[in-house]
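**Q** I'd like to ask you about the structure that follows.
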Amino acid sequence: AQESIPIIDMSNPNDPEVEKSICEAASKWGFFQIVNHDVPIEVLENVKDATYKFFGLAAEVKNKYSKEHSLSNNVRFGTSFTPQAEKALEWKDYLSLFYVSEEEAFALWPSVCREQVLDYMRKSEVVIKQLLKVLMKGLNVNEIDETKESLLMGSMRTNLNYYPKCPNPELTVGVGRHSDVSTLTILLQDEIGGLFVRGNDGDNWIHVPPIKGSLVINVGDALQIMSNGKYKSVEHRVVANGSNNRISVPIFVNPRPSDMIGPLPELIENGEKPIYKQVLYSDYVKHFFRKAHDGKKTVAFAEL
Ligand code: AKG
């Protein structure tokens with residue numbers, strides 16, 4: 001039987017068994033789903049509806065947020081990932097919203113989705129903090145002061161992804177294989193499916209089945225680097241679908257662009273030999289965005 005990624009019940013996040021399964025999932029799989037978390041189902045349904053509404057707008061309205069027309073780099077509507085570096089475009093449109101402040105969101109984000117996205121981000125913050133606290137405890141980092149909190153979750157970006165039905169799905173992908181550059185990614189998907197994760201034996205691709213009300217959590221490169229390799233940022237991809245449109249809404253929980261990231265000092269003080277160097281997070285992200293989605297090679301940028 002094919003193994004599947006863990007499903008973790010978050011009703012009692014401080015239960016030692018739950019903590020253990022979170023840390024094990026993050027080190028063995030890099031991916032898991034959470035159920036019975038504190039993000040209300042209406043908030044998730046509302047952000048999905050808002051996503052359909054945004055992509056249902058006329059092309060000229062959506063294009064106001066494109067690279068050429070957007071009033072800010074923090075708001076970006078586009079197609080595919082790095083078109084100039086890709087052999088075939090990814091079959092995906094997206095709206096990327098980098099959060100700076102509520103004022104800015106009200107000024108710049110499309111009105112059909114801004115409140116729903118803000119609410120989704122706000123309500124997800126509770127579970128993000130719970131998960132990061134447990135993951136830090138698993139590294140024997142028991143105190144998360146302001147500096148550490150900012151390093152782990154100092155900036156956030158929410159993407160609305162729309163994968164239209166594709167007439168020739170075998171000729172392209174929804175999203176090519178890549179790992180995320182985040183600390184953690186929280187992903188809401190609809191009921192269509194199509195997200196595959198690289199299995200931990202390295203060869204097989206494992207489907208992440210949609211579960212109503214669940215959130216998919218994955219470790220990103222920044223946490224792999226900060227944990228000195230203990231938590232794994234794992235490759236994933238989305239297939240193109242010949243019969244259905246699909247949406248997903250990831251929140252990328254990131255360090256701030258101006259942060260230096262590297263193995264946490266607590267680990268090195270404990271005698272661990274660092275396997276990554278300190279890199280400026282914005283350089284790391286720039287490196288990622290320069291190339292096509294080409295597998296898990298971004299992290300080599302930080303290897304010693
Ligand atoms: C991304 O936006 O980086 C993804 O990997 C999306 C995954 C998904 O749509 O399920």
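Just remember, in the structure tokens the first chain shown is A, the second B, etc., residues are 1-based per chain, and ligands are 1-based in the order shown.
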Using only C-alpha atoms, which protein or nucleic acid residues come within 10 Å of A:Pro169? Drop anything in the same chain fewer than 6 positions from it, and give the result as a PDB file with N, CA and C atoms, in the first residue's frame.
**A**
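Everything below was put into result.pdb:
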ATOM      1  N   TRP A  91       0.483  25.888 -16.008  1.00  0.00           N
ATOM      2  CA  TRP A  91      -0.923  26.151 -16.326  1.00  0.00           C
ATOM      3  C   TRP A  91      -1.622  26.752 -15.110  1.00  0.00           C
ATOM      4  N   VAL A 239      -0.239  18.674 -10.730  1.00  0.00           N
ATOM      5  CA  VAL A 239      -0.468  18.265 -12.116  1.00  0.00           C
ATOM      6  C   VAL A 239      -1.501  19.188 -12.758  1.00  0.00           C
ATOM      7  N   ALA A 240      -1.472  19.259 -14.089  1.00  0.00           N
ATOM      8  CA  ALA A 240      -2.524  19.970 -14.814  1.00  0.00           C
ATOM      9  C   ALA A 240      -3.722  19.021 -14.924  1.00  0.00           C
ATOM     10  N   ASN A 241      -4.909  19.595 -14.882  1.00  0.00           N
ATOM     11  CA  ASN A 241      -6.120  18.777 -14.832  1.00  0.00           C
ATOM     12  C   ASN A 241      -6.945  18.967 -16.113  1.00  0.00           C
ATOM     13  N   GLY A 242      -7.285  17.858 -16.774  1.00  0.00           N
ATOM     14  CA  GLY A 242      -8.002  17.926 -18.039  1.00  0.00           C
ATOM     15  C   GLY A 242      -9.495  18.163 -17.899  1.00  0.00           C
ATOM     16  N   SER A 243     -10.036  17.975 -16.699  1.00  0.00           N
ATOM     17  CA  SER A 243     -11.493  18.105 -16.600  1.00  0.00           C
ATOM     18  C   SER A 243     -12.008  19.154 -15.608  1.00  0.00           C
TER      19      SER A 243
END
**Q** Among the residues of stretch 9-239 of chain A, find those DSSP assigns to strand (DSSP E) from the backbone and print them as a PyMOL selection string.
**A** chain A and resi 9+31-35+75-79+93-98+155-163+173-178+184-189+195-198+205-207+215-219+236-239
**Q** Just list as a short mmCIF file (atom, residue, chain, number, x, y, z; two decimals) with N, CA, C and O atoms, in the first residue's frame whatever in stretch 166-235 of chain A DSSP marks as helix (DSSP H, G or I).
**A**
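Final output, result_31.cif:
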data_model
loop_
_atom_site.label_atom_id
_atom_site.label_comp_id
_atom_site.auth_asym_id
_atom_site.auth_seq_id
_atom_site.Cartn_x
_atom_site.Cartn_y
_atom_site.Cartn_z
N PRO A 169 -3.40 18.21 -20.68
CA PRO A 169 -2.72 18.20 -19.38
C PRO A 169 -1.38 17.46 -19.38
O PRO A 169 -0.52 17.75 -18.55
N GLU A 170 -1.19 16.52 -20.34
CA GLU A 170 0.06 15.76 -20.34
C GLU A 170 1.23 16.60 -20.87
O GLU A 170 2.39 16.22 -20.73
N LEU A 171 0.93 17.75 -21.46
CA LEU A 171 2.01 18.57 -22.04
C LEU A 171 2.59 19.59 -21.06
O LEU A 171 3.59 20.24 -21.36
N ASP A 221 12.28 25.89 2.90
CA ASP A 221 13.75 25.90 2.98
C ASP A 221 14.27 26.69 4.18
O ASP A 221 15.27 26.30 4.79
N ALA A 222 13.61 27.81 4.51
CA ALA A 222 14.13 28.64 5.61
C ALA A 222 14.15 27.85 6.92
O ALA A 222 15.10 27.97 7.71
N LEU A 223 13.13 27.03 7.14
CA LEU A 223 13.11 26.23 8.38
C LEU A 223 14.08 25.06 8.29
O LEU A 223 14.70 24.68 9.29
N GLN A 224 14.24 24.50 7.10
CA GLN A 224 15.25 23.44 6.95
C GLN A 224 16.63 24.01 7.31
O GLN A 224 17.41 23.39 8.05
N ILE A 225 16.91 25.20 6.83
CA ILE A 225 18.21 25.84 7.11
C ILE A 225 18.33 26.18 8.60
O ILE A 225 19.32 25.85 9.25
N MET A 226 17.30 26.82 9.16
CA MET A 226 17.37 27.21 10.57
C MET A 226 17.47 26.01 11.50
O MET A 226 18.10 26.07 12.55
#
**Q** Please find the residues contacting ligand 1 at a distance of at most 10 Å between atoms, with only C-alpha atoms and all ligand atoms counted, and report them as an NGL selection string.
**A** :A and (81 or 92 or 94 or 96 or 158-163 or 174-182 or 185-190 or 192-197 or 208 or 210 or 216 or 218 or 235-239 or 246-252 or 293)
**Q** Show me, as a PDB file with C-alpha atoms, in the first residue's frame, the residues that have an atom within 7 Å of stretch 1-11 of chain A when counting only C-alpha atoms, minus same-chain residues fewer than 3 positions from it.
**A**
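Generated file (selection_36.pdb):
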ATOM      1  CA  ALA A  25       6.055  14.653  10.377  1.00  0.00           C
ATOM      2  CA  TRP A  29       7.872  13.987   5.498  1.00  0.00           C
ATOM      3  CA  PHE A  31       4.426  17.694   4.882  1.00  0.00           C
ATOM      4  CA  PHE A  32       1.288  16.957   6.905  1.00  0.00           C
ATOM      5  CA  GLN A  33      -2.363  17.901   7.082  1.00  0.00           C
ATOM      6  CA  ILE A  34      -4.018  19.305  10.169  1.00  0.00           C
ATOM      7  CA  VAL A  35      -7.651  18.831  11.144  1.00  0.00           C
ATOM      8  CA  ASN A  36      -9.622  20.253  14.099  1.00  0.00           C
ATOM      9  CA  HIS A  37      -7.436  23.344  14.091  1.00  0.00           C
ATOM     10  CA  ILE A 206       2.399  10.884  -3.035  1.00  0.00           C
TER      11      ILE A 206
END
**Q** Might you pull out every residue within 8 Å of A:Gln116, with only C-alpha atoms counted and same-chain residues fewer than 3 positions away left off, and present them as JSON, numbers by chain?
**A** {"A": [43, 46, 47, 50, 113, 119, 120]}
**Q** Would you export the selected residues with C-alpha atoms as a PDB file, in the first residue's frame, please?
**A**
ATOM      1  CA  VAL A  43     -13.184  31.586   7.057  1.00  0.00           C
ATOM      2  CA  ASN A  46     -15.053  32.522   2.383  1.00  0.00           C
ATOM      3  CA  VAL A  47     -11.491  32.761   1.115  1.00  0.00           C
ATOM      4  CA  ALA A  50     -13.323  35.111  -2.840  1.00  0.00           C
ATOM      5  CA  CYS A 113     -10.954  39.260  -1.833  1.00  0.00           C
ATOM      6  CA  ASP A 119      -9.361  37.172   7.876  1.00  0.00           C
ATOM      7  CA  TYR A 120      -7.789  33.894   6.696  1.00  0.00           C
TER       8      TYR A 120
END
**Q** I'd like the contact shell of stretch 67-70 of chain A - 12 Å cut-off, only C-alpha atoms, skipping same-chain residues fewer than 4 positions apart - returned as a PyMOL selection string.
**A** chain A and resi 60-63+74-79+94-97+108-110
**Q** Quick one: distance from atom CA of A:Glu303 to atom CA of A:Val219 in Å, one decimal?
**A**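 If I compute the distance from atom CA of A:Glu303 to atom CA of A:Val219, I get 17.4 Å.
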**Q** When you draw a straight line from atom CA of A:Ala85 to atom CA of A:Gly229, how long is it in Å?
**A** 28.7 Å
**Q** I'd like the contact shell of A:Arg290 - 12 Å cut-off, only C-alpha atoms, skipping same-chain residues fewer than 5 positions apart - returned as a VMD selection string.
**A** chain A and resid 81 to 86 283 to 285 298
**Q** Could you check the closest approach to A:Glu90 for each of A:Ile217, A:Ala300, A:Val173, A:Ala105 and tell me which residue wins, using only C-alpha atoms?
**A** A:Val173
**Q** Extract, using only C-alpha atoms, all DNA, RNA and protein residues at most 8 Å from A:Lys277, discarding same-chain residues fewer than 6 positions from it, and format them as number ranges by chain.
**A** A: 262-263, 302-304
**Q** In Å, rounded to a single decimal, give me how far atom CA of A:Asn254 is from atom CA of A:Leu132.
**A** 11.9 Å
